[in-house]
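> What follows is the file target_31.csv, containing CSV, N, CA and C atoms:
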chain,number,residue,atom,x,y,z
A,1,MET,N,-13.8,5.6,-13.1
A,1,MET,CA,-14.7,4.5,-12.8
A,1,MET,C,-15.8,4.6,-13.9
A,2,THR,N,-16.1,3.4,-14.4
A,2,THR,CA,-17.2,3.3,-15.4
A,2,THR,C,-18.4,2.7,-14.8
A,3,THR,N,-19.5,3.4,-15.0
A,3,THR,CA,-20.8,3.0,-14.4
A,3,THR,C,-21.1,1.5,-14.7
A,4,GLY,N,-21.4,0.7,-13.8
A,4,GLY,CA,-21.8,-0.7,-14.0
A,4,GLY,C,-20.7,-1.7,-13.9
A,5,ILE,N,-19.5,-1.3,-14.1
A,5,ILE,CA,-18.4,-2.3,-14.0
A,5,ILE,C,-17.4,-1.9,-12.9
A,6,GLY,N,-17.4,-0.7,-12.4
A,6,GLY,CA,-16.4,-0.3,-11.4
A,6,GLY,C,-15.2,0.3,-12.1
A,7,TYR,N,-14.1,0.2,-11.5
A,7,TYR,CA,-12.9,0.8,-12.0
A,7,TYR,C,-12.5,0.1,-13.3
A,8,TYR,N,-12.0,0.9,-14.3
A,8,TYR,CA,-11.6,0.4,-15.6
A,8,TYR,C,-10.4,1.1,-16.0
A,9,CYS,N,-9.3,0.4,-16.4
A,9,CYS,CA,-8.0,1.1,-16.8
A,9,CYS,C,-7.9,1.2,-18.3
A,10,GLY,N,-8.9,0.9,-19.0
A,10,GLY,CA,-8.8,1.1,-20.5
A,10,GLY,C,-8.4,-0.1,-21.3
A,11,TYR,N,-8.2,-1.2,-20.7
A,11,TYR,CA,-7.8,-2.4,-21.5
A,11,TYR,C,-8.9,-3.5,-21.7
A,12,TYR,N,-9.7,-3.7,-20.7
A,12,TYR,CA,-10.6,-4.8,-20.7
A,12,TYR,C,-11.8,-4.5,-19.7
A,13,LYS,N,-13.0,-4.7,-20.2
A,13,LYS,CA,-14.2,-4.4,-19.3
A,13,LYS,C,-14.8,-5.6,-18.7
A,14,GLY,N,-14.3,-6.8,-19.1
A,14,GLY,CA,-15.0,-8.0,-18.7
A,14,GLY,C,-14.4,-8.5,-17.3
A,15,THR,N,-14.8,-9.7,-17.0
A,15,THR,CA,-14.4,-10.4,-15.7
A,15,THR,C,-14.2,-11.9,-15.9
A,16,ASP,N,-13.6,-12.2,-17.1
A,16,ASP,CA,-13.4,-13.6,-17.4
A,16,ASP,C,-12.3,-14.2,-16.4
A,17,TYR,N,-12.4,-15.4,-16.0
A,17,TYR,CA,-11.5,-16.2,-15.3
A,17,TYR,C,-10.1,-16.0,-15.9
A,18,THR,N,-9.1,-15.7,-15.1
A,18,THR,CA,-7.8,-15.4,-15.7
A,18,THR,C,-6.7,-16.0,-14.7
A,19,ASP,N,-5.7,-16.7,-15.2
A,19,ASP,CA,-4.7,-17.2,-14.4
A,19,ASP,C,-3.4,-17.4,-15.1
A,20,PHE,N,-2.4,-18.0,-14.4
A,20,PHE,CA,-1.0,-18.1,-15.0
A,20,PHE,C,-1.1,-18.7,-16.4
A,21,GLY,N,-0.3,-18.0,-17.3
A,21,GLY,CA,-0.2,-18.5,-18.6
A,21,GLY,C,-1.1,-17.7,-19.6
A,22,ASP,N,-2.1,-17.0,-19.1
A,22,ASP,CA,-3.0,-16.2,-19.9
A,22,ASP,C,-2.2,-15.0,-20.5
A,23,ARG,N,-2.7,-14.5,-21.6
A,23,ARG,CA,-2.2,-13.3,-22.2
A,23,ARG,C,-3.3,-12.4,-22.8
A,24,GLY,N,-2.9,-11.2,-22.9
A,24,GLY,CA,-3.9,-10.3,-23.6
A,24,GLY,C,-4.4,-9.1,-22.8
A,25,LYS,N,-5.5,-8.5,-23.3
A,25,LYS,CA,-6.0,-7.3,-22.7
A,25,LYS,C,-6.5,-7.5,-21.2
A,26,LYS,N,-7.1,-8.7,-21.0
A,26,LYS,CA,-7.6,-8.9,-19.6
A,26,LYS,C,-6.5,-8.9,-18.6
A,27,VAL,N,-5.3,-9.5,-19.0
A,27,VAL,CA,-4.2,-9.5,-18.1
A,27,VAL,C,-3.6,-8.1,-17.9
A,28,LYS,N,-3.6,-7.3,-19.0
A,28,LYS,CA,-3.2,-5.9,-18.9
A,28,LYS,C,-4.1,-5.1,-17.9
A,29,GLU,N,-5.4,-5.4,-17.9
A,29,GLU,CA,-6.3,-4.7,-17.0
A,29,GLU,C,-6.0,-5.1,-15.6
A,30,ILE,N,-5.8,-6.4,-15.3
A,30,ILE,CA,-5.4,-6.9,-14.0
A,30,ILE,C,-4.1,-6.2,-13.5
A,31,GLN,N,-3.1,-6.2,-14.4
A,31,GLN,CA,-1.8,-5.6,-14.0
A,31,GLN,C,-2.0,-4.1,-13.7
A,32,ALA,N,-2.8,-3.4,-14.5
A,32,ALA,CA,-3.0,-2.0,-14.2
A,32,ALA,C,-3.7,-1.7,-12.9
A,33,LEU,N,-4.8,-2.5,-12.7
A,33,LEU,CA,-5.5,-2.4,-11.4
A,33,LEU,C,-4.7,-2.7,-10.2
A,34,ILE,N,-3.8,-3.7,-10.3
A,34,ILE,CA,-3.0,-4.0,-9.2
A,34,ILE,C,-1.9,-2.9,-8.9
A,35,LYS,N,-1.3,-2.4,-10.0
A,35,LYS,CA,-0.4,-1.3,-9.9
A,35,LYS,C,-1.1,-0.1,-9.2
A,36,ALA,N,-2.3,0.1,-9.5
A,36,ALA,CA,-3.1,1.2,-8.9
A,36,ALA,C,-3.4,1.0,-7.4
A,37,SER,N,-3.3,-0.2,-7.0
A,37,SER,CA,-3.5,-0.5,-5.6
A,37,SER,C,-2.3,-0.4,-4.7
A,38,HIS,N,-1.3,0.3,-5.2
A,38,HIS,CA,0.0,0.6,-4.5
A,38,HIS,C,0.9,-0.6,-4.4
A,39,TYR,N,0.9,-1.5,-5.4
A,39,TYR,CA,1.8,-2.6,-5.4
A,39,TYR,C,3.2,-2.0,-5.8
A,40,SER,N,4.2,-2.4,-5.0
A,40,SER,CA,5.6,-1.8,-5.3
A,40,SER,C,6.5,-2.8,-5.9
A,41,GLY,N,6.1,-4.0,-6.1
A,41,GLY,CA,6.9,-5.0,-6.7
A,41,GLY,C,7.1,-4.9,-8.2
A,42,ARG,N,7.9,-5.7,-8.8
A,42,ARG,CA,8.1,-5.6,-10.2
A,42,ARG,C,6.9,-6.1,-11.0
A,43,LEU,N,6.3,-5.3,-11.8
A,43,LEU,CA,5.1,-5.7,-12.5
A,43,LEU,C,4.9,-4.8,-13.8
A,44,ALA,N,5.2,-5.3,-14.9
A,44,ALA,CA,5.0,-4.6,-16.2
A,44,ALA,C,3.6,-4.8,-16.6
A,45,ILE,N,3.0,-3.8,-17.3
A,45,ILE,CA,1.7,-3.9,-17.9
A,45,ILE,C,2.0,-4.4,-19.4
A,46,ASP,N,2.2,-5.7,-19.5
A,46,ASP,CA,2.6,-6.2,-20.8
A,46,ASP,C,1.6,-7.3,-21.3
A,47,GLY,N,0.6,-7.6,-20.5
A,47,GLY,CA,-0.4,-8.6,-20.9
A,47,GLY,C,0.0,-10.0,-20.8
A,48,ASP,N,1.1,-10.3,-20.1
A,48,ASP,CA,1.6,-11.7,-19.9
A,48,ASP,C,1.4,-12.1,-18.4
A,49,PHE,N,0.6,-13.1,-18.2
A,49,PHE,CA,0.4,-13.5,-16.8
A,49,PHE,C,1.5,-14.5,-16.5
A,50,GLY,N,2.6,-14.0,-16.2
A,50,GLY,CA,3.8,-14.8,-15.8
A,50,GLY,C,4.0,-14.8,-14.3
A,51,ASN,N,5.3,-15.1,-13.9
A,51,ASN,CA,5.6,-15.1,-12.5
A,51,ASN,C,5.4,-13.8,-11.8
A,52,ASP,N,5.8,-12.7,-12.4
A,52,ASP,CA,5.6,-11.4,-11.7
A,52,ASP,C,4.1,-11.1,-11.5
A,53,THR,N,3.3,-11.4,-12.4
A,53,THR,CA,1.8,-11.1,-12.3
A,53,THR,C,1.3,-12.1,-11.2
A,54,LEU,N,1.7,-13.3,-11.3
A,54,LEU,CA,1.2,-14.3,-10.3
A,54,LEU,C,1.5,-13.8,-8.8
A,55,LYS,N,2.8,-13.3,-8.7
A,55,LYS,CA,3.2,-12.8,-7.4
A,55,LYS,C,2.3,-11.6,-7.0
A,56,ALA,N,2.1,-10.7,-7.9
A,56,ALA,CA,1.3,-9.5,-7.7
A,56,ALA,C,-0.2,-9.9,-7.3
A,57,VAL,N,-0.8,-10.8,-8.0
A,57,VAL,CA,-2.1,-11.2,-7.7
A,57,VAL,C,-2.2,-11.8,-6.3
A,58,LYS,N,-1.3,-12.7,-6.0
A,58,LYS,CA,-1.3,-13.2,-4.6
A,58,LYS,C,-1.1,-12.2,-3.6
A,59,TRP,N,-0.2,-11.2,-3.8
A,59,TRP,CA,-0.1,-10.1,-2.9
A,59,TRP,C,-1.4,-9.3,-2.7
A,60,TYR,N,-2.0,-9.0,-3.8
A,60,TYR,CA,-3.3,-8.3,-3.8
A,60,TYR,C,-4.4,-9.1,-3.0
A,61,GLN,N,-4.5,-10.4,-3.3
A,61,GLN,CA,-5.4,-11.2,-2.6
A,61,GLN,C,-5.2,-11.3,-1.1
A,62,LYS,N,-3.9,-11.3,-0.7
A,62,LYS,CA,-3.6,-11.4,0.7
A,62,LYS,C,-3.8,-10.0,1.4
A,63,ARG,N,-3.3,-9.0,0.7
A,63,ARG,CA,-3.2,-7.6,1.3
A,63,ARG,C,-4.6,-7.0,1.3
A,64,TRP,N,-5.4,-7.0,0.2
A,64,TRP,CA,-6.6,-6.3,0.1
A,64,TRP,C,-7.9,-7.1,0.3
A,65,MET,N,-7.8,-8.5,0.1
A,65,MET,CA,-8.9,-9.3,0.3
A,65,MET,C,-8.9,-10.1,1.6
A,66,GLY,N,-7.8,-10.0,2.3
A,66,GLY,CA,-7.7,-10.8,3.6
A,66,GLY,C,-7.6,-12.3,3.4
A,67,ASP,N,-7.2,-12.7,2.2
A,67,ASP,CA,-7.1,-14.1,1.9
A,67,ASP,C,-5.8,-14.7,2.5
A,68,SER,N,-5.9,-15.6,3.5
A,68,SER,CA,-4.7,-16.1,4.1
A,68,SER,C,-4.0,-17.2,3.2
A,69,THR,N,-4.7,-17.7,2.2
A,69,THR,CA,-4.1,-18.6,1.3
A,69,THR,C,-4.4,-18.2,-0.1
A,70,PRO,N,-3.8,-17.1,-0.6
A,70,PRO,CA,-4.1,-16.6,-2.0
A,70,PRO,C,-3.7,-17.7,-3.0
A,71,ASP,N,-4.6,-17.8,-4.0
A,71,ASP,CA,-4.3,-18.8,-5.1
A,71,ASP,C,-3.8,-18.2,-6.4
A,72,GLY,N,-3.8,-16.9,-6.5
A,72,GLY,CA,-3.2,-16.3,-7.7
A,72,GLY,C,-4.1,-16.4,-8.9
A,73,ILE,N,-5.4,-16.8,-8.7
A,73,ILE,CA,-6.3,-16.9,-9.8
A,73,ILE,C,-7.3,-15.7,-9.7
A,74,VAL,N,-7.5,-15.1,-10.9
A,74,VAL,CA,-8.4,-13.9,-10.9
A,74,VAL,C,-9.8,-14.4,-11.4
A,75,GLY,N,-10.6,-14.8,-10.4
A,75,GLY,CA,-11.9,-15.3,-10.6
A,75,GLY,C,-12.9,-14.2,-10.2
A,76,PRO,N,-14.2,-14.5,-10.0
A,76,PRO,CA,-15.2,-13.6,-9.7
A,76,PRO,C,-14.9,-12.7,-8.5
A,77,ASN,N,-14.5,-13.3,-7.4
A,77,ASN,CA,-14.2,-12.5,-6.2
A,77,ASN,C,-13.0,-11.5,-6.3
A,78,THR,N,-12.0,-12.0,-7.0
A,78,THR,CA,-10.8,-11.1,-7.2
A,78,THR,C,-11.2,-10.0,-8.2
A,79,TRP,N,-11.9,-10.3,-9.3
A,79,TRP,CA,-12.3,-9.2,-10.2
A,79,TRP,C,-13.2,-8.2,-9.5
A,80,LYS,N,-14.1,-8.7,-8.7
A,80,LYS,CA,-15.0,-7.8,-8.0
A,80,LYS,C,-14.2,-6.8,-7.1
A,81,SER,N,-13.2,-7.4,-6.3
A,81,SER,CA,-12.4,-6.5,-5.5
A,81,SER,C,-11.6,-5.6,-6.3
A,82,LEU,N,-10.9,-6.0,-7.4
A,82,LEU,CA,-10.2,-5.1,-8.2
A,82,LEU,C,-11.0,-4.0,-8.8
A,83,ARG,N,-12.2,-4.4,-9.3
A,83,ARG,CA,-13.1,-3.4,-9.9
A,83,ARG,C,-13.7,-2.4,-9.0
A,84,TRP,N,-13.9,-2.7,-7.7
A,84,TRP,CA,-14.6,-1.8,-6.8
A,84,TRP,C,-13.8,-1.3,-5.7
A,85,ASP,N,-12.6,-1.9,-5.4
A,85,ASP,CA,-11.8,-1.5,-4.3
A,85,ASP,C,-10.5,-0.7,-4.6
A,86,CYS,N,-10.2,-0.6,-5.9
A,86,CYS,CA,-8.9,0.1,-6.2
A,86,CYS,C,-9.3,1.1,-7.3
A,87,ALA,N,-8.3,1.9,-7.7
A,87,ALA,CA,-8.6,2.9,-8.7
A,87,ALA,C,-7.4,3.1,-9.7
A,88,CYS,N,-7.7,3.3,-10.9
A,88,CYS,CA,-6.7,3.5,-11.9
A,88,CYS,C,-6.3,5.0,-11.9
Please lay out the structure from this file as structure tokens.

Amino acid sequence: MTTGIGYYCGYYKGTDYTDFGDRGKKVKEIQALIKASHYSGRLAIDGDFGNDTLKAVKWYQKRWMGDSTPDGIVGPNTWKSLRWDCAC
């Protein structure tokens, strides 16, 4: 855990809006944080927000955030939950 931002897996310290089609370090951070939350589905830490990452984000939102209609978008609420509720 890094003081001030919560959990950090070494890829990205920010909290920019992230969704399907995005690429890069922020996606790697999301993928690593979700893997750390006991996700057992197929999810590579490759920086590509494709179908596998979308499915994983929706799983996380439903499982850990109690969202009955997960949208697969990593906005402020999902980042907050990922940063403070799971661990790398």
> Name all residues at most 8 Å from segment 37-53 of chain A (count only N, CA and C atoms; drop same-chain ones fewer than 4 positions away) and give them as a PyMOL selection string.
chain A and resi 18-33+57-60+72+85-88
> Any idea what the distance is between atom CA of Tyr7 of chain A and atom CA of Trp84 of chain A?
6.1 Å
> When DSSP is applied to the backbone of this structure, which of chain A are assigned helix (DSSP H, G or I)? Write them out as a ChimeraX atom specification.
/A:25-36,51-65,76-85
> If I take atom CA of Asp71 of chain A and atom CA of Gly14 of chain A, how far is one from the other in Å, to one decimal?
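If I compute the distance from atom CA of Asp71 of chain A to atom CA of Gly14 of chain A, I get 20.4 Å.
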> Of the candidates A:Val74, A:Leu54, A:Ala36, A:Gly66, which shows the shortest atom-to-atom distance to Asp16 of chain A, using all atoms listed in the file?
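Nearest to Asp16 of chain A: A:Val74.
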> Rounded to one decimal place, report the atom C of Arg83 of chain A-atom N of Gly6 of chain A distance in Å.
5.3 Å
